[in-house]
$ cat protein-v3.txt   # compact mmCIF, C-alpha atoms
# COMPACT_ATOMS: atom_id res chain seq x y z
CA MET A 1 9.80 31.73 18.71
CA ARG A 2 6.62 30.26 20.16
CA VAL A 3 7.32 31.87 23.54
CA LEU A 4 7.80 35.27 21.92
CA LEU A 5 4.58 34.91 19.93
CA HIS A 6 2.59 34.03 23.03
CA LEU A 7 4.19 36.82 25.07
CA VAL A 8 3.21 39.34 22.39
CA ARG A 9 -0.37 38.05 22.49
CA GLU A 10 -0.79 37.43 26.23
CA LYS A 11 1.57 40.10 27.66
CA ASN A 12 1.81 37.98 30.79
CA VAL A 13 4.49 35.42 31.76
CA SER A 14 2.24 33.22 33.92
CA ARG A 15 -0.49 32.93 31.25
CA VAL A 16 2.12 32.02 28.61
CA ALA A 17 3.59 29.36 30.92
CA GLU A 18 0.12 27.91 31.48
CA ARG A 19 -0.74 27.91 27.77
CA LEU A 20 2.54 26.26 26.76
CA GLU A 21 2.44 23.91 29.77
CA ILE A 22 5.90 24.92 30.97
CA SER A 23 7.11 26.65 34.14
CA GLN A 24 7.21 30.41 34.59
CA GLN A 25 10.96 30.05 35.13
CA ALA A 26 11.28 28.44 31.68
CA VAL A 27 9.47 31.43 30.12
CA SER A 28 11.72 33.84 32.04
CA ASN A 29 14.81 31.96 30.81
CA CYS A 30 13.56 32.30 27.23
CA LEU A 31 13.13 36.04 27.75
CA LYS A 32 16.69 36.28 29.06
CA ARG A 33 18.10 34.47 26.02
CA MET A 34 16.07 36.67 23.68
CA ARG A 35 17.54 39.80 25.29
CA GLU A 36 21.01 38.39 24.59
CA VAL A 37 20.25 37.48 20.97
CA PHE A 38 18.33 40.51 19.68
CA PRO A 39 19.82 44.00 19.47
CA TYR A 40 16.73 45.91 20.65
CA GLU A 41 14.35 45.64 23.56
CA LEU A 42 11.40 43.31 23.09
CA PHE A 43 9.21 44.00 26.14
CA LEU A 44 8.77 46.82 28.59
CA ARG A 45 7.69 45.89 32.11
CA GLN A 46 4.51 47.59 33.27
CA SER A 47 2.25 47.15 36.28
CA ALA A 48 -0.29 45.26 34.14
CA GLY A 49 2.35 42.95 32.63
CA LEU A 50 4.62 43.18 29.61
CA GLN A 51 4.27 45.74 26.84
CA PRO A 52 5.71 44.50 23.50
CA THR A 53 7.87 46.99 21.62
CA ASP A 54 7.40 47.75 17.94
CA TYR A 55 10.44 45.57 17.27
CA ALA A 56 8.78 42.63 19.09
CA TYR A 57 5.65 43.03 16.97
CA GLU A 58 7.76 42.94 13.80
CA LEU A 59 9.61 39.83 14.97
CA ALA A 60 6.32 38.16 15.90
CA ALA A 61 4.96 38.72 12.41
CA LYS A 62 8.03 37.03 10.91
CA PHE A 63 8.03 34.20 13.46
CA GLU A 64 4.36 33.47 12.82
CA LYS A 65 5.08 32.73 9.15
CA ILE A 66 8.08 30.55 10.02
CA ILE A 67 6.15 28.50 12.60
CA GLU A 68 3.27 28.02 10.16
CA GLU A 69 5.70 26.57 7.62
CA VAL A 70 7.37 24.37 10.23
CA ASP A 71 4.03 23.02 11.43
CA GLY A 72 3.08 22.39 7.80
CA ILE A 73 5.90 19.85 7.51
CA PHE A 74 3.61 17.34 9.20
CA ASN A 75 0.93 17.80 6.55
CA SER A 76 1.06 15.70 3.37
CA PHE A 77 1.69 17.40 0.09
CA PRO A 78 -1.67 17.91 -1.59
CA PHE A 79 -2.89 15.25 -4.01
CA ASP A 80 -6.16 15.83 -5.84
CA PRO A 81 -7.14 12.64 -7.69
CA VAL A 82 -9.76 14.51 -9.71
CA THR A 83 -7.20 16.80 -11.36
CA SER A 84 -4.05 14.67 -11.13
CA ASP A 85 -2.30 13.11 -14.13
CA TYR A 86 0.06 11.07 -11.94
CA VAL A 87 1.46 7.82 -13.40
CA PHE A 88 1.27 5.06 -10.77
CA ARG A 89 3.72 2.18 -11.20
CA VAL A 90 2.57 -1.09 -9.65
CA ILE A 91 4.67 -4.26 -9.50
CA ALA A 92 2.37 -7.26 -9.82
CA ASN A 93 2.79 -11.00 -10.25
CA GLU A 94 0.69 -12.88 -12.79
CA TYR A 95 -2.00 -13.67 -10.24
CA ALA A 96 -2.46 -9.98 -9.47
CA GLN A 97 -2.32 -9.03 -13.15
CA LEU A 98 -5.18 -11.41 -13.93
CA SER A 99 -7.40 -11.06 -10.86
CA ILE A 100 -6.71 -7.63 -9.31
CA ILE A 101 -5.20 -5.19 -11.80
CA PRO A 102 -8.19 -5.02 -14.21
CA SER A 103 -10.61 -4.05 -11.42
CA LEU A 104 -8.01 -1.75 -9.87
CA SER A 105 -7.64 0.13 -13.15
CA LEU A 106 -11.41 0.54 -13.43
CA LEU A 107 -11.75 1.83 -9.86
CA MET A 108 -8.84 4.23 -10.32
CA ARG A 109 -10.41 5.72 -13.47
CA GLU A 110 -13.72 6.13 -11.66
CA ARG A 111 -11.99 8.05 -8.87
CA ALA A 112 -9.30 9.82 -10.90
CA ALA A 113 -9.90 9.96 -14.65
CA GLY A 114 -6.55 11.57 -15.40
CA VAL A 115 -4.22 9.16 -13.60
CA LYS A 116 -2.47 6.33 -15.42
CA LEU A 117 -1.45 2.86 -14.35
CA GLU A 118 1.81 1.20 -15.41
CA VAL A 119 2.13 -2.48 -14.47
CA ILE A 120 5.58 -4.01 -13.96
CA ASP A 121 6.21 -7.77 -13.88
CA PHE A 122 7.09 -9.07 -10.43
CA ASN A 123 10.75 -9.93 -9.92
CA PRO A 124 11.62 -11.64 -6.60
CA THR A 125 15.14 -10.19 -6.46
CA GLN A 126 14.43 -6.68 -7.76
CA HIS A 127 11.01 -5.54 -6.47
CA ALA A 128 12.22 -4.35 -3.05
CA LYS A 129 15.10 -2.42 -4.63
CA MET A 130 12.77 -0.78 -7.16
CA LEU A 131 10.45 0.36 -4.37
CA ALA A 132 13.39 1.65 -2.32
CA GLN A 133 14.64 3.69 -5.29
CA GLY A 134 11.20 5.13 -6.05
CA GLU A 135 10.88 3.28 -9.36
CA ALA A 136 7.49 1.85 -8.31
CA ASP A 137 4.75 2.80 -5.85
CA LEU A 138 3.78 -0.61 -4.48
CA VAL A 139 3.90 -4.35 -5.12
CA ILE A 140 1.10 -6.95 -5.14
CA GLY A 141 1.93 -10.64 -4.96
CA PHE A 142 2.08 -13.85 -2.94
CA SER A 143 3.22 -13.36 0.65
CA ASP A 144 5.76 -16.17 0.14
CA TYR A 145 7.71 -14.03 -2.33
CA VAL A 146 7.06 -10.38 -1.40
CA ASP A 147 10.05 -9.10 0.59
CA SER A 148 9.36 -9.28 4.34
CA GLY A 149 11.28 -6.03 4.90
CA LEU A 150 8.53 -4.05 3.17
CA VAL A 151 5.51 -2.63 4.96
CA ARG A 152 3.01 -5.33 4.01
CA LYS A 153 -0.74 -5.79 4.37
CA THR A 154 -2.80 -8.86 3.48
CA LEU A 155 -5.32 -8.14 0.73
CA ARG A 156 -7.02 -11.51 0.53
CA ARG A 157 -6.68 -15.19 1.28
CA ASP A 158 -7.28 -17.40 -1.76
CA HIS A 159 -7.08 -21.11 -2.47
CA TYR A 160 -6.51 -23.51 -5.36
CA CYS A 161 -9.28 -25.26 -7.25
CA CYS A 162 -9.49 -27.82 -10.02
CA VAL A 163 -10.77 -26.62 -13.40
CA THR A 164 -11.42 -27.76 -16.94
CA ARG A 165 -12.66 -25.89 -19.98
CA GLU A 166 -16.30 -24.86 -20.30
CA GLY A 167 -18.39 -27.65 -21.83
CA SER A 168 -15.84 -30.37 -21.09
CA ILE A 169 -17.10 -33.90 -20.46
CA LEU A 170 -14.57 -34.17 -17.62
CA TYR A 171 -16.75 -31.96 -15.45
CA ARG A 172 -19.29 -34.78 -14.98
CA GLN A 173 -16.61 -37.41 -14.34
CA ILE A 174 -14.97 -35.75 -11.34
CA GLN A 175 -16.87 -36.40 -8.11
CA GLU A 176 -14.01 -36.31 -5.60
CA LEU A 177 -10.34 -35.40 -5.50
CA GLY A 178 -9.15 -38.95 -6.19
CA ASP A 179 -10.95 -38.96 -9.55
CA VAL A 180 -8.48 -36.45 -11.04
CA SER A 181 -5.84 -39.21 -11.23
CA SER A 182 -7.69 -40.82 -14.15
CA HIS A 183 -7.43 -37.80 -16.47
CA PRO A 184 -4.68 -35.76 -18.15
CA HIS A 185 -3.40 -32.61 -16.44
CA VAL A 186 -1.75 -29.33 -17.29
CA ASP A 187 0.94 -28.15 -14.89
CA PHE A 188 2.76 -24.81 -14.57
CA ALA A 189 6.43 -23.98 -14.35
CA SER A 190 7.73 -23.56 -10.82
CA GLY A 191 8.52 -20.02 -9.75
CA VAL A 192 7.12 -16.83 -8.31
CA GLY A 193 4.04 -16.96 -10.54
CA ASN A 194 2.58 -20.03 -8.86
CA LEU A 195 2.90 -22.12 -5.73
CA GLY A 196 3.37 -25.46 -7.46
CA SER A 197 5.44 -27.06 -4.72
CA ARG A 198 2.66 -26.45 -2.23
CA LEU A 199 0.19 -28.11 -4.62
CA ASP A 200 2.46 -31.15 -5.02
CA ASP A 201 2.78 -31.51 -1.25
CA PHE A 202 -1.01 -31.29 -0.84
CA LEU A 203 -1.73 -33.92 -3.49
CA GLY A 204 0.99 -36.13 -2.01
CA THR A 205 -0.66 -36.12 1.41
CA GLN A 206 -3.97 -37.01 -0.28
CA LYS A 207 -2.24 -39.83 -2.22
CA VAL A 208 -3.42 -38.31 -5.51
CA SER A 209 -1.23 -38.64 -8.59
CA ARG A 210 -1.33 -36.69 -11.85
CA THR A 211 -0.56 -37.50 -15.46
CA VAL A 212 0.89 -34.24 -16.71
CA ILE A 213 0.81 -33.93 -20.50
CA ALA A 214 2.11 -30.35 -20.67
CA THR A 215 3.77 -27.76 -18.47
CA LEU A 216 2.89 -24.17 -19.31
CA PRO A 217 4.94 -21.11 -18.34
CA CYS A 218 1.96 -19.17 -16.96
CA TYR A 219 -1.79 -19.21 -16.31
CA THR A 220 -2.47 -16.83 -19.18
CA SER A 221 -1.94 -19.52 -21.82
CA LEU A 222 -4.20 -22.08 -20.15
CA GLN A 223 -7.46 -21.11 -21.88
CA ALA A 224 -5.91 -21.34 -25.34
CA PHE A 225 -4.38 -24.72 -24.48
CA MET A 226 -7.65 -26.12 -23.13
CA ARG A 227 -9.60 -25.07 -26.21
CA VAL A 228 -7.98 -27.97 -28.08
CA ASN A 229 -6.97 -30.23 -25.17
CA ASP A 230 -9.55 -31.67 -22.77
CA THR A 231 -7.51 -31.56 -19.58
CA LEU A 232 -7.61 -30.65 -15.90
CA ALA A 233 -5.57 -28.01 -14.11
CA PHE A 234 -5.15 -26.68 -10.59
CA ILE A 235 -5.24 -22.87 -10.48
CA PRO A 236 -6.09 -20.15 -7.91
CA SER A 237 -9.84 -19.67 -7.53
CA ALA A 238 -9.67 -15.95 -8.36
CA ILE A 239 -8.15 -16.74 -11.75
CA ALA A 240 -10.79 -19.42 -12.37
CA ALA A 241 -13.49 -16.87 -11.51
CA ALA A 242 -12.20 -14.55 -14.26
CA GLY A 243 -14.08 -16.75 -16.73
CA GLY A 244 -13.62 -19.45 -19.32
CA PHE A 245 -13.37 -22.39 -16.90
CA GLN A 246 -15.59 -24.91 -15.16
CA VAL A 247 -14.66 -25.38 -11.50
CA MET A 248 -14.91 -28.91 -10.11
CA ASP A 249 -17.02 -29.35 -7.00
CA ILE A 250 -14.04 -30.41 -4.87
CA ASP A 251 -13.23 -28.78 -1.54
CA MET A 252 -9.63 -27.52 -1.74
CA SER A 253 -9.99 -24.60 0.67
CA SER A 254 -7.20 -26.00 2.84
CA LEU A 255 -4.73 -25.36 0.00
CA SER A 256 -4.72 -21.62 0.61
CA PHE A 257 -2.29 -18.71 0.33
CA ASN A 258 -2.14 -15.00 1.14
CA VAL A 259 -1.96 -12.15 -1.36
CA VAL A 260 -0.31 -9.02 0.03
CA VAL A 261 0.38 -5.42 -0.95
CA GLY A 262 3.78 -4.05 -0.01
CA ARG A 263 5.27 -0.56 0.18
CA HIS A 264 8.70 0.72 1.12
CA ARG A 265 9.02 2.80 4.29
CA ARG A 266 10.45 5.69 2.25
CA ALA A 267 7.08 6.11 0.49
CA LEU A 268 4.87 6.16 3.58
CA GLY A 269 3.26 9.55 4.03
CA SER A 270 3.22 10.32 0.32
CA ALA A 271 -0.25 11.66 -0.47
CA ALA A 272 -0.36 10.01 -3.91
CA GLY A 273 1.00 6.69 -2.63
CA ASP A 274 -1.37 6.67 0.34
CA TRP A 275 -4.31 7.31 -1.99
CA LEU A 276 -3.34 4.37 -4.22
CA ALA A 277 -2.88 2.07 -1.20
CA ARG A 278 -6.36 3.00 0.07
CA VAL A 279 -7.91 2.26 -3.36
CA VAL A 280 -6.16 -1.15 -3.48
CA GLU A 281 -7.31 -2.05 0.03
CA GLU A 282 -10.86 -0.86 -0.69
CA LEU A 283 -10.95 -3.01 -3.81
CA ALA A 284 -9.71 -6.04 -1.87
CA ALA A 285 -12.37 -5.52 0.81
CA SER A 286 -15.13 -5.48 -1.78
CA THR A 287 -14.11 -8.70 -3.55

$ encode --input "protein-v3.txt" --output "structure tokens"
Amino acid sequence: MRVLLHLVREKNVSRVAERLEISQQAVSNCLKRMREVFPYELFLRQSAGLQPTDYAYELAAKFEKIIEEVDGIFNSFPFDPVTSDYVFRVIANEYAQLSIIPSLSLLMRERAAGVKLEVIDFNPTQHAKMLAQGEADLVIGFSDYVDSGLVRKTLRRDHYCCVTREGSILYRQIQELGDVSSHPHVDFASGVGNLGSRLDDFLGTQKVSRTVIATLPCYTSLQAFMRVNDTLAFIPSAIAAAGGFQVMDIDMSSLSFNVVVGRHRRALGSAAGDWLARVVEELAAST
């Protein structure tokens, strides 16, 4: 089809071969096949080159539309965030729900007032399947738990810190990591929401022990617990920065972890999904 279009325009085999970067013989072979396929003559040979017939002009008009559609396959379907009412579904662990999702929602509304955000709790055994089946657009969580088969990108590197409630007398009593052994602690249930085993290994190497008076299921309940219990806790620094805590002046930067965003290969190239991924990455770069 492309050869016929160029022959109609150029009316010269050698110029068509040069434009398409193929041999003149290849163009001549195409002409031969076209004579076998179509019931009417396409070109008349003249001293100045080829003269397209009326039938060739009609075919060229049809082929031009077909080729335009074929070439358009490589273009993304249009997505206009300003007018869209798309519902984005994001799988997020508790860390992401507390430290990333609020700002992500704000940035999305600034860029696309009509879109909506639906947040789904992270499930280590189901998130990859949900993405593969199109039930969610992307996942945000700890690199340790986000499926390695997804297309992943690191959003940030965070670390743990030691906190107490605002106004606590414990803040003045902690000068170094070893001092935390003298005070009560809150711990968190092991699982995908926290990296407790890594914390235990770190404290073990530092020969620091803890007296744990309560184990909470998640970080969300920590503020309410500390309002009536003067305790210490180790939590990610981004969650501590969300407010309501005093951070001890102890260097724990070595106890770090990566937060990643993951997408399934089936969703790559989706205009809406690509837009959301760019917004997430832009937010991560600015924080």

$ closest_residue --input "protein-v3.txt" --among "A:Thr215, A:Arg165, A:Gln223, A:Met252" --to "Leu199 (chain A)" --atoms "all atoms listed in the file"
A:Met252

$ closest_residue --input "protein-v3.txt" --among "A:Pro81, A:Pro217, A:Pro184, A:Gly196" --to "Thr164 (chain A)" --atoms "all atoms listed in the file"
A:Pro184

$ closest_atom_pairs --input "protein-v3.txt" --of "region 71-148 of chain A" --to "region 233-238 of chain A" --cutoff "12 Å" --atoms "only C-alpha atoms" --output "tab-separated table"
residue	atom	partner	partner_atom	distance
A:Glu94	CA	A:Pro236	CA	11.1
A:Tyr95	CA	A:Pro236	CA	8.0
A:Ala96	CA	A:Ala238	CA	9.4
A:Gln97	CA	A:Ala238	CA	11.2
A:Leu98	CA	A:Ala238	CA	8.5
A:Ser99	CA	A:Ala238	CA	5.9
A:Ile100	CA	A:Ala238	CA	8.9
A:Phe142	CA	A:Pro236	CA	11.5

$ closest_residue --input "protein-v3.txt" --among "A:Ile239, A:Ala277, A:Ala17, A:Val37" --to "Val151 (chain A)" --atoms "all atoms listed in the file"
A:Ala277

$ closest_residue --input "protein-v3.txt" --among "A:Leu117, A:Leu268, A:Leu255, A:Val163" --to "Phe202 (chain A)" --atoms "only C-alpha atoms"
A:Leu255

$ atom_distance --input "protein-v3.txt" --atom1 "CA of His6 (chain A)" --atom2 "CA of Ala60 (chain A)"
9.0 Å

$ axis_aligned_box --input "protein-v3.txt" --around "region 120-126 of chain A" --padding-each-side "5 Å" --output "lines of an AutoDock Vina configuration file"
center_x = 10.4
center_y = -7.8
center_z = -10.2
size_x = 19.6
size_y = 17.6
size_z = 17.5

$ closest_residue --input "protein-v3.txt" --among "A:Met108, A:Val228, A:Ala113, A:Val8" --to "Ser168 (chain A)" --atoms "only C-alpha atoms"
A:Val228
